[in-house]
file query30.cif (mmCIF, C-alpha atoms)
data_model
#
loop_
_atom_site.label_atom_id
_atom_site.label_comp_id
_atom_site.auth_asym_id
_atom_site.auth_seq_id
_atom_site.Cartn_x
_atom_site.Cartn_y
_atom_site.Cartn_z
CA MET A 1 0.00 0.00 0.00
CA GLU A 2 3.05 2.26 0.16
CA LYS A 3 2.81 3.20 -3.52
CA LEU A 4 -0.93 3.77 -3.19
CA LEU A 5 -0.34 6.16 -0.30
CA SER A 6 2.51 8.10 -1.88
CA ARG A 7 0.60 8.50 -5.15
CA PHE A 8 -2.49 9.81 -3.32
CA LEU A 9 -0.46 12.25 -1.22
CA GLU A 10 1.14 13.66 -4.36
CA TYR A 11 -2.23 14.24 -6.01
CA VAL A 12 -3.99 15.92 -3.10
CA LYS A 13 -1.20 18.47 -2.70
CA ILE A 14 -1.98 19.84 -6.17
CA ASP A 15 -4.78 22.41 -6.02
CA THR A 16 -7.50 21.55 -8.56
CA GLN A 17 -10.49 23.44 -7.18
CA SER A 18 -13.13 24.11 -9.85
CA ASN A 19 -15.06 27.37 -10.24
CA PRO A 20 -18.81 27.48 -11.02
CA LYS A 21 -18.58 31.12 -12.16
CA SER A 22 -16.16 30.30 -14.96
CA ASN A 23 -17.31 29.57 -18.51
CA THR A 24 -14.15 27.74 -19.57
CA THR A 25 -13.39 24.01 -19.50
CA PRO A 26 -11.66 23.26 -17.28
CA SER A 27 -13.11 26.02 -15.17
CA THR A 28 -9.72 26.77 -13.59
CA ASP A 29 -6.26 26.71 -15.18
CA LYS A 30 -4.77 25.00 -12.14
CA GLN A 31 -6.62 21.78 -12.98
CA TRP A 32 -4.17 21.39 -15.86
CA ASN A 33 -1.33 20.90 -13.35
CA LEU A 34 -2.65 17.56 -12.16
CA ALA A 35 -4.08 16.62 -15.56
CA LYS A 36 -0.67 16.85 -17.23
CA LYS A 37 0.94 14.91 -14.38
CA LEU A 38 -1.62 12.13 -14.79
CA VAL A 39 -0.93 11.88 -18.53
CA THR A 40 2.79 11.51 -17.84
CA GLU A 41 2.17 8.88 -15.20
CA LEU A 42 -0.16 6.87 -17.44
CA HIS A 43 2.59 6.68 -20.05
CA GLN A 44 5.09 5.68 -17.36
CA ILE A 45 3.08 2.74 -16.05
CA GLY A 46 2.58 1.37 -19.57
CA MET A 47 -0.92 2.44 -20.62
CA THR A 48 -1.58 2.89 -24.33
CA GLU A 49 -3.71 5.34 -26.35
CA VAL A 50 -3.14 8.00 -23.71
CA THR A 51 -4.87 11.22 -24.78
CA ILE A 52 -5.78 14.57 -23.30
CA ASP A 53 -8.00 16.96 -25.22
CA GLU A 54 -8.29 20.75 -25.23
CA ASN A 55 -10.68 20.59 -22.26
CA ALA A 56 -8.40 18.39 -20.09
CA TYR A 57 -10.41 15.18 -20.52
CA ILE A 58 -8.00 12.27 -20.19
CA MET A 59 -8.46 8.80 -21.66
CA ALA A 60 -6.20 5.77 -21.83
CA THR A 61 -6.31 2.06 -22.66
CA LEU A 62 -5.14 -1.16 -21.08
CA PRO A 63 -5.22 -3.57 -24.03
CA SER A 64 -6.90 -6.95 -23.72
CA ASN A 65 -4.62 -9.87 -22.88
CA THR A 66 -7.08 -12.59 -23.88
CA GLU A 67 -8.25 -14.09 -27.16
CA LYS A 68 -11.82 -14.23 -25.86
CA GLU A 69 -14.35 -11.69 -27.04
CA VAL A 70 -14.73 -9.65 -23.87
CA PRO A 71 -16.74 -6.42 -23.58
CA THR A 72 -14.70 -3.23 -23.34
CA ILE A 73 -15.39 -1.69 -19.94
CA GLY A 74 -14.25 1.54 -18.31
CA PHE A 75 -13.42 3.24 -15.03
CA ILE A 76 -13.88 6.98 -14.53
CA ALA A 77 -12.97 9.53 -11.85
CA HIS A 78 -12.72 13.31 -11.61
CA PHE A 79 -9.64 15.25 -10.57
CA ASP A 80 -11.18 18.60 -9.59
CA THR A 81 -12.13 19.41 -6.01
CA SER A 82 -15.13 21.25 -4.62
CA PRO A 83 -15.38 25.05 -4.62
CA ASP A 84 -17.14 24.75 -1.25
CA PHE A 85 -13.88 24.73 0.71
CA SER A 86 -10.26 25.62 0.07
CA GLY A 87 -8.10 23.12 -1.80
CA PHE A 88 -4.99 25.31 -1.68
CA ASN A 89 -1.91 24.18 0.21
CA VAL A 90 -3.37 20.85 1.33
CA ARG A 91 -1.20 19.36 4.06
CA PRO A 92 -2.48 15.82 4.62
CA LYS A 93 -1.86 14.02 7.90
CA VAL A 94 -1.30 10.27 8.03
CA ILE A 95 -2.61 8.59 11.19
CA GLU A 96 -1.26 5.05 11.45
CA ASN A 97 -2.99 2.42 13.58
CA TYR A 98 -5.86 4.77 14.48
CA ASP A 99 -6.79 4.29 18.14
CA GLY A 100 -10.49 5.08 17.78
CA LYS A 101 -10.25 8.35 19.71
CA ASP A 102 -10.37 12.05 18.83
CA ILE A 103 -7.91 13.22 16.19
CA VAL A 104 -6.61 16.74 16.69
CA LEU A 105 -6.35 18.15 13.19
CA ASN A 106 -5.23 21.61 14.22
CA THR A 107 -4.04 22.47 17.71
CA THR A 108 -3.94 26.22 17.15
CA ARG A 109 -7.53 26.40 15.94
CA ASN A 110 -8.78 23.56 18.15
CA ILE A 111 -10.17 21.60 15.21
CA VAL A 112 -10.91 18.00 16.19
CA LEU A 113 -12.11 15.05 14.13
CA SER A 114 -14.12 13.11 16.69
CA PRO A 115 -15.90 9.73 16.53
CA ASP A 116 -18.45 11.18 18.95
CA TYR A 117 -19.71 13.30 16.06
CA PHE A 118 -18.47 11.36 13.02
CA GLU A 119 -19.49 7.86 14.08
CA ASP A 120 -18.15 6.16 10.94
CA LEU A 121 -14.64 6.71 12.31
CA ARG A 122 -15.10 3.88 14.80
CA GLN A 123 -15.22 1.21 12.09
CA TYR A 124 -11.67 2.15 11.05
CA LYS A 125 -9.95 1.58 14.38
CA GLY A 126 -6.54 0.03 13.79
CA GLN A 127 -6.33 1.30 10.21
CA THR A 128 -4.33 4.08 8.57
CA LEU A 129 -6.30 7.29 8.10
CA ILE A 130 -5.39 10.21 5.87
CA THR A 131 -6.90 13.47 7.15
CA THR A 132 -6.62 17.20 6.61
CA ASP A 133 -4.77 19.63 8.86
CA GLY A 134 -8.07 21.40 9.54
CA THR A 135 -7.51 24.32 7.16
CA THR A 136 -8.47 22.76 3.80
CA LEU A 137 -10.44 19.90 2.35
CA LEU A 138 -8.47 16.74 1.59
CA GLY A 139 -9.49 15.98 -1.99
CA ALA A 140 -10.26 12.30 -1.55
CA ASP A 141 -13.30 13.32 -3.59
CA ASP A 142 -12.17 12.25 -6.06
CA LYS A 143 -8.40 11.98 -6.09
CA ALA A 144 -8.86 8.74 -4.17
CA GLY A 145 -10.74 7.41 -7.20
CA VAL A 146 -8.05 8.63 -9.59
CA THR A 147 -5.36 7.02 -7.44
CA GLU A 148 -7.23 3.72 -7.23
CA ILE A 149 -7.81 3.45 -10.97
CA ILE A 150 -4.18 4.17 -11.87
CA THR A 151 -2.92 1.79 -9.19
CA ALA A 152 -5.26 -0.96 -10.38
CA MET A 153 -4.11 -0.52 -13.99
CA GLU A 154 -0.50 -0.66 -12.88
CA TYR A 155 -1.21 -3.87 -10.97
CA LEU A 156 -2.84 -5.50 -14.00
CA ILE A 157 0.11 -4.50 -16.18
CA GLN A 158 2.50 -6.03 -13.68
CA HIS A 159 0.38 -9.21 -13.39
CA PRO A 160 -0.36 -10.36 -16.94
CA GLU A 161 -1.54 -13.72 -15.61
CA ILE A 162 -4.82 -11.99 -14.68
CA GLU A 163 -6.99 -12.38 -17.76
CA HIS A 164 -8.98 -9.32 -18.82
CA GLY A 165 -10.48 -7.63 -21.84
CA LYS A 166 -9.82 -4.12 -23.10
CA ILE A 167 -10.06 -1.59 -20.29
CA ARG A 168 -10.62 2.12 -20.85
CA ILE A 169 -10.06 4.75 -18.16
CA GLY A 170 -11.15 8.37 -18.09
CA PHE A 171 -10.40 11.34 -15.85
CA THR A 172 -12.54 14.46 -16.00
CA PRO A 173 -12.42 18.08 -14.81
CA ASP A 174 -15.25 20.09 -13.26
CA GLU A 175 -17.41 17.29 -11.84
CA GLU A 176 -17.87 19.24 -8.63
CA ILE A 177 -19.66 22.03 -10.51
CA GLY A 178 -21.88 19.61 -12.43
CA ARG A 179 -19.98 19.70 -15.73
CA GLY A 180 -17.78 16.62 -15.50
CA ALA A 181 -19.62 14.75 -18.24
CA HIS A 182 -20.62 17.70 -20.38
CA LYS A 183 -17.75 17.33 -22.85
CA PHE A 184 -16.99 13.64 -22.29
CA ASP A 185 -16.76 11.90 -25.67
CA VAL A 186 -18.64 8.64 -25.08
CA SER A 187 -18.04 7.45 -28.64
CA LYS A 188 -14.29 8.03 -28.35
CA PHE A 189 -14.23 6.28 -24.98
CA GLY A 190 -15.68 3.22 -26.68
CA ALA A 191 -16.76 1.16 -23.67
CA GLU A 192 -19.96 -0.88 -23.36
CA TRP A 193 -20.28 0.23 -19.76
CA ALA A 194 -18.18 1.86 -17.07
CA TYR A 195 -17.96 2.55 -13.34
CA THR A 196 -17.30 5.85 -11.64
CA MET A 197 -15.03 5.41 -8.62
CA ASP A 198 -16.59 8.28 -6.70
CA GLY A 199 -18.57 6.84 -3.79
CA SER A 200 -17.89 7.14 -0.10
CA GLN A 201 -17.43 4.36 2.46
CA VAL A 202 -16.07 0.94 1.60
CA GLY A 203 -18.74 -1.30 0.07
CA GLU A 204 -20.92 1.37 -1.49
CA LEU A 205 -22.40 0.39 -4.85
CA GLU A 206 -24.92 2.80 -6.34
CA TYR A 207 -26.98 2.72 -9.50
CA GLU A 208 -29.72 5.22 -8.70
CA ASN A 209 -29.46 8.88 -7.85
CA PHE A 210 -31.62 11.96 -7.49
CA ASN A 211 -33.47 13.63 -10.29
CA ALA A 212 -32.19 17.16 -9.95
CA ALA A 213 -33.11 20.72 -10.87
CA GLY A 214 -32.09 24.20 -9.81
CA ALA A 215 -34.58 27.03 -9.34
CA THR A 216 -34.36 30.80 -9.05
CA ILE A 217 -37.26 32.65 -7.46
CA SER A 218 -37.23 36.35 -8.40
CA ILE A 219 -39.34 38.72 -6.30
CA LYS A 220 -40.19 42.28 -7.28
CA GLY A 221 -41.31 44.66 -4.55
CA LYS A 222 -42.29 48.32 -4.29
CA SER A 223 -40.46 50.73 -2.05
CA VAL A 224 -42.56 53.39 -0.36
CA HIS A 225 -41.74 55.63 2.62
CA PRO A 226 -42.64 53.47 5.64
CA GLY A 227 -44.70 56.27 7.13
CA TYR A 228 -47.05 56.18 4.15
CA ALA A 229 -46.68 52.55 3.12
CA LYS A 230 -50.06 51.07 4.05
CA ASN A 231 -51.59 49.22 1.09
CA LYS A 232 -48.79 50.53 -1.12
CA MET A 233 -45.46 48.96 -0.12
CA ILE A 234 -44.55 45.45 -1.28
CA ASN A 235 -41.53 44.35 0.73
CA ALA A 236 -39.66 41.80 -1.39
CA ILE A 237 -37.80 40.47 1.64
CA THR A 238 -41.02 39.81 3.52
CA LEU A 239 -42.52 38.21 0.43
CA ALA A 240 -39.50 35.95 0.11
CA ASN A 241 -40.10 34.74 3.66
CA THR A 242 -43.76 34.15 2.86
CA TYR A 243 -42.83 32.13 -0.21
CA LEU A 244 -40.43 29.94 1.77
CA SER A 245 -43.02 29.40 4.51
CA LEU A 246 -45.30 27.76 1.92
CA LEU A 247 -42.76 25.08 1.08
CA PRO A 248 -43.01 21.76 3.00
CA GLN A 249 -41.04 22.49 6.16
CA ASN A 250 -39.88 18.90 6.74
CA GLU A 251 -38.77 18.27 3.17
CA VAL A 252 -35.27 19.69 3.56
CA PRO A 253 -31.86 17.94 3.54
CA GLU A 254 -31.46 18.00 7.31
CA LYS A 255 -34.78 16.18 7.82
CA THR A 256 -34.72 13.59 5.04
CA THR A 257 -32.87 10.38 4.24
CA GLY A 258 -32.85 7.41 1.87
CA ARG A 259 -35.12 8.04 -1.11
CA GLU A 260 -36.85 11.02 0.47
CA GLY A 261 -36.65 14.11 -1.71
CA PHE A 262 -36.25 17.73 -0.64
CA PHE A 263 -36.08 21.43 -1.43
CA HIS A 264 -32.79 23.04 -0.42
CA VAL A 265 -32.45 26.82 -0.24
CA HIS A 266 -28.75 27.60 -0.63
CA HIS A 267 -28.76 31.34 -1.27
CA ILE A 268 -31.06 34.26 -0.54
CA GLU A 269 -30.52 37.98 -0.88
CA GLY A 270 -32.74 41.01 -1.12
CA THR A 271 -33.81 44.59 -0.62
CA ILE A 272 -37.30 46.03 -0.32
CA GLU A 273 -37.56 46.29 -4.11
CA ASN A 274 -35.89 43.06 -5.19
CA ALA A 275 -35.15 39.67 -3.66
CA GLN A 276 -33.91 36.38 -5.02
CA ILE A 277 -34.06 32.85 -3.68
CA ASP A 278 -31.81 30.14 -5.15
CA LEU A 279 -32.67 26.55 -4.34
CA ILE A 280 -32.27 23.03 -5.61
CA ILE A 281 -34.89 20.32 -6.03
CA ARG A 282 -34.06 16.65 -5.50
CA ASP A 283 -36.14 13.46 -5.68
CA HIS A 284 -35.47 9.86 -6.74
CA ASP A 285 -39.04 9.40 -7.98
CA LEU A 286 -39.67 11.17 -11.29
CA GLU A 287 -43.37 11.77 -10.57
CA HIS A 288 -42.59 13.32 -7.19
CA PHE A 289 -39.77 15.33 -8.76
CA ASN A 290 -42.13 16.85 -11.32
CA ALA A 291 -44.65 17.58 -8.57
CA ARG A 292 -42.00 19.53 -6.68
CA LYS A 293 -41.36 21.70 -9.72
CA GLU A 294 -45.07 22.28 -10.12
CA LEU A 295 -45.35 23.31 -6.47
CA LEU A 296 -42.80 26.11 -6.95
CA ASN A 297 -44.92 27.55 -9.73
CA ALA A 298 -48.17 27.01 -7.81
CA ILE A 299 -46.89 29.02 -4.83
CA ALA A 300 -45.84 31.85 -7.15
CA ASN A 301 -49.22 31.82 -8.87
CA LYS A 302 -51.02 31.94 -5.52
CA LEU A 303 -49.05 34.96 -4.31
CA ASN A 304 -49.29 36.73 -7.65
CA ALA A 305 -53.06 36.28 -7.52
CA GLU A 306 -53.19 37.78 -4.04
CA PHE A 307 -51.29 40.86 -5.18
CA LYS A 308 -53.17 40.95 -8.50
CA GLU A 309 -49.90 41.39 -10.37
CA LYS A 310 -46.80 39.36 -11.14
CA VAL A 311 -44.52 39.99 -8.20
CA ILE A 312 -42.87 36.56 -8.29
CA GLY A 313 -41.17 34.80 -11.19
CA VAL A 314 -39.89 31.22 -11.18
CA GLU A 315 -37.12 29.86 -13.41
CA ILE A 316 -36.38 26.12 -13.18
CA LYS A 317 -33.54 24.32 -14.96
CA ASP A 318 -33.21 20.53 -14.97
CA GLN A 319 -29.70 19.35 -14.05
CA TYR A 320 -29.60 15.54 -14.21
CA ARG A 321 -31.83 12.48 -13.96
CA ASN A 322 -31.93 9.19 -12.08
CA MET A 323 -29.57 6.79 -13.85
CA ARG A 324 -31.56 3.77 -12.62
CA GLU A 325 -33.67 4.11 -15.77
CA LYS A 326 -30.60 3.37 -17.92
CA VAL A 327 -28.81 0.87 -15.67
CA GLU A 328 -31.65 -1.53 -14.85
CA PRO A 329 -31.91 -2.86 -18.46
CA VAL A 330 -28.23 -3.91 -18.18
CA PHE A 331 -28.29 -4.89 -14.52
CA HIS A 332 -25.56 -7.49 -14.99
CA ILE A 333 -23.05 -4.63 -14.76
CA VAL A 334 -24.18 -4.03 -11.17
CA SER A 335 -24.11 -7.77 -10.45
CA ILE A 336 -20.50 -8.00 -11.63
CA ALA A 337 -19.46 -5.22 -9.26
CA GLU A 338 -21.39 -6.84 -6.42
CA GLU A 339 -19.71 -10.19 -7.07
CA ALA A 340 -16.31 -8.52 -7.25
CA MET A 341 -16.78 -6.96 -3.82
CA GLN A 342 -17.85 -10.26 -2.33
CA GLU A 343 -14.84 -12.06 -3.79
CA VAL A 344 -12.43 -9.59 -2.14
CA GLY A 345 -14.20 -9.85 1.22
CA ILE A 346 -16.44 -6.78 1.11
CA THR A 347 -20.13 -6.71 1.97
CA PRO A 348 -21.79 -4.61 -0.75
CA ILE A 349 -23.87 -1.65 0.41
CA ILE A 350 -26.36 -1.07 -2.38
CA LYS A 351 -28.24 2.15 -1.82
CA PRO A 352 -29.43 5.24 -3.71
CA ILE A 353 -27.09 8.20 -4.02
CA ARG A 354 -28.40 11.25 -2.21
CA GLY A 355 -26.70 13.43 -4.77
CA GLY A 356 -25.47 13.29 -8.32
CA THR A 357 -22.61 11.70 -10.19
CA ASP A 358 -20.99 11.91 -13.58
CA GLY A 359 -22.35 8.39 -13.98
CA SER A 360 -25.88 9.76 -14.16
CA GLN A 361 -25.16 12.04 -17.11
CA LEU A 362 -22.97 9.43 -18.79
CA SER A 363 -25.72 6.82 -18.48
CA PHE A 364 -28.10 9.09 -20.38
CA MET A 365 -25.34 9.77 -22.92
CA GLY A 366 -25.21 6.05 -23.75
CA LEU A 367 -22.62 4.80 -21.25
CA PRO A 368 -24.33 2.94 -18.36
CA CYS A 369 -22.25 3.84 -15.35
CA PRO A 370 -22.89 2.68 -11.75
CA ASN A 371 -20.90 4.26 -8.94
CA ILE A 372 -18.46 2.42 -6.67
CA PHE A 373 -16.90 3.49 -3.37
CA ALA A 374 -13.59 5.34 -3.35
CA GLY A 375 -13.36 5.20 0.44
CA GLY A 376 -13.55 8.80 1.63
CA HIS A 377 -15.81 10.45 4.19
CA ASN A 378 -17.00 14.00 5.00
CA PHE A 379 -16.35 15.36 1.54
CA HIS A 380 -16.03 19.07 0.76
CA GLY A 381 -14.71 20.20 4.11
CA LYS A 382 -12.00 20.23 6.71
CA TYR A 383 -13.17 16.97 8.33
CA GLU A 384 -12.66 14.93 5.16
CA TYR A 385 -10.67 11.73 5.58
CA VAL A 386 -10.03 8.42 3.87
CA PRO A 387 -8.79 5.10 5.26
CA LEU A 388 -5.86 3.73 3.27
CA GLU A 389 -7.26 0.21 3.61
CA SER A 390 -10.50 1.30 1.93
CA MET A 391 -8.51 2.64 -1.01
CA GLN A 392 -6.66 -0.66 -1.25
CA LYS A 393 -9.98 -2.52 -1.30
CA ALA A 394 -11.18 -0.24 -4.11
CA VAL A 395 -8.09 -1.21 -6.12
CA GLU A 396 -8.86 -4.88 -5.51
CA VAL A 397 -12.47 -4.38 -6.63
CA ILE A 398 -11.37 -2.73 -9.90
CA VAL A 399 -8.98 -5.57 -10.63
CA LYS A 400 -11.62 -8.17 -9.79
CA ILE A 401 -14.25 -6.51 -12.00
CA CYS A 402 -11.82 -6.70 -14.93
CA GLU A 403 -11.14 -10.36 -14.15
CA LEU A 404 -14.82 -11.26 -13.68
CA THR A 405 -15.88 -9.57 -16.90
CA ALA A 406 -13.52 -11.87 -18.80
CA ARG A 407 -14.42 -14.89 -16.66
CA ASN A 408 -18.18 -14.38 -16.96
CA ARG A 409 -17.98 -13.98 -20.72
CA SER A 410 -16.10 -17.29 -20.80
CA LYS A 411 -18.98 -18.90 -18.85
CA ASP A 412 -21.50 -17.43 -21.31
CA GLU A 413 -19.61 -18.97 -24.20
#
call {"tool": "encode", "arguments": {"input": "query30.cif", "output": "structure tokens"}}
result
Amino acid sequence: MEKLLSRFLEYVKIDTQSNPKSNTTPSTDKQWNLAKKLVTELHQIGMTEVTIDENAYIMATLPSNTEKEVPTIGFIAHFDTSPDFSGFNVRPKVIENYDGKDIVLNTTRNIVLSPDYFEDLRQYKGQTLITTDGTTLLGADDKAGVTEIITAMEYLIQHPEIEHGKIRIGFTPDEEIGRGAHKFDVSKFGAEWAYTMDGSQVGELEYENFNAAGATISIKGKSVHPGYAKNKMINAITLANTYLSLLPQNEVPEKTTGREGFFHVHHIEGTIENAQIDLIIRDHDLEHFNARKELLNAIANKLNAEFKEKVIGVEIKDQYRNMREKVEPVFHIVSIAEEAMQEVGITPIIKPIRGGTDGSQLSFMGLPCPNIFAGGHNFHGKYEYVPLESMQKAVEVIVKICELTARNRSKDE
């Protein structure tokens, strides 16, 4: 695991934070720093057909080593990190033989990673944890996935006795701002199916995710001197509060779980004359998802009718859909991943993603793409960590999927 660790530590120290306000791809120039390093490394380990395009999308091939007709499969990860928290000057800490107690990330700022709050920590007692120093995120999302894919390919190259078909790998920019698959060339990639290595705890296997949309609620008020405002003033801030009060109060991220959908207000600003609410809509069920969008318009219509003029406008933009629709017809690709986990001693945790993934967009672009754990926890913040042993298991799962794909095709024949 020494090479796995050193490779991961190298990657996370390179700042690759993406920027949602940028119109370029990649959205930040600094993503090129890691992208170019990855291209060099892929050549070094012996991959073929290594390419990087003008938008920093990387692809490479591990050629088949069998005469059998085996489907071409792929593995995909993203190398950008979230704009939600700093990715500059990441100083990872390596905690060997974790004792199950509090980890002091930063003494000066009294930042502590505690199992009393983050209960998942307890299952990794005795393992090696990689954490932040409390001032940045770590970048396990998704540099752990990148590390695991490259390490697995290197292992297969060094162990030609493991029979496998043609394997394609892809690394993308800008996943954290929802654009990771936007310029991914599915035809060029040329795989029948693929797996994103972008899940969390060891064992996660996901093939369904939220249907997603973003909404902007624009509110137009009227400013009148408060001493003479009766029946004349329309306070946009007050109206924004009224609008929010008409949303289901328990259907928010902090009060939902599993397949329960929600509305999530992530930004609000305003004056008396103008206010704006930005929120996201999420639901696994397409019918419920559409009903949520209709509710936003219904509330606006109700308030507009009360004021007898259009004081509220609603703009909704769909973002991605539930990939279950595209994966279920080829469910054997999930079964292969499940079998691979079992063969390397992992109990699969099959559950819906309470979020999105490049795999969702790719599935609707013609590349069915379930999501597999990369091992990290507490993404997008200073408490992010990843157990080294989980990363090693992810490598073993990738290798085993390649092996099983060839083996299962042999059984079919």
call {"tool": "resolve_selection", "arguments": {"input": "query30.cif", "expression": "the PyMOL selection byres ((chain A and resi 116-119) around 12)", "output": "VMD selection string"}}
result
chain A and resid 100 to 103 112 to 115 120 to 125 377 to 378 383 to 385
call {"tool": "closest_residue", "arguments": {"input": "query30.cif", "among": "A:Gly359, A:Pro370, A:Gly381, A:Pro71", "to": "A:Glu204", "atoms": "all atoms listed in the file"}}
result
A:Pro370
call {"tool": "resolve_selection", "arguments": {"input": "query30.cif", "expression": "the PyMOL selection byres ((chain A and resi 319-331) around 10)", "output": "PyMOL selection string"}}
result
chain A and resi 178-179+193+206-214+280-286+289+316-318+332-336+352-353+355-370
call {"tool": "residues_around", "arguments": {"input": "query30.cif", "residues": "A:Lys222", "least_positions_apart": "5", "cutoff": "6 Å", "atoms": "all atoms listed in the file", "output": "list of chain:residue names"}}
result
A:Met233, A:Ile234, A:Glu273
call {"tool": "closest_residue", "arguments": {"input": "query30.cif", "among": "A:Thr172, A:Thr216, A:Ser6, A:Asn241", "to": "A:Ile76", "atoms": "only C-alpha atoms"}}
result
A:Thr172
call {"tool": "closest_residue", "arguments": {"input": "query30.cif", "among": "A:Met153, A:Ile401, A:Leu244, A:Val386", "to": "A:Leu129", "atoms": "only C-alpha atoms"}}
result
A:Val386
call {"tool": "closest_residue", "arguments": {"input": "query30.cif", "among": "A:Asp198, A:Glu192, A:Asp15, A:Glu338", "to": "A:Ile149", "atoms": "all atoms listed in the file"}}
result
A:Asp198
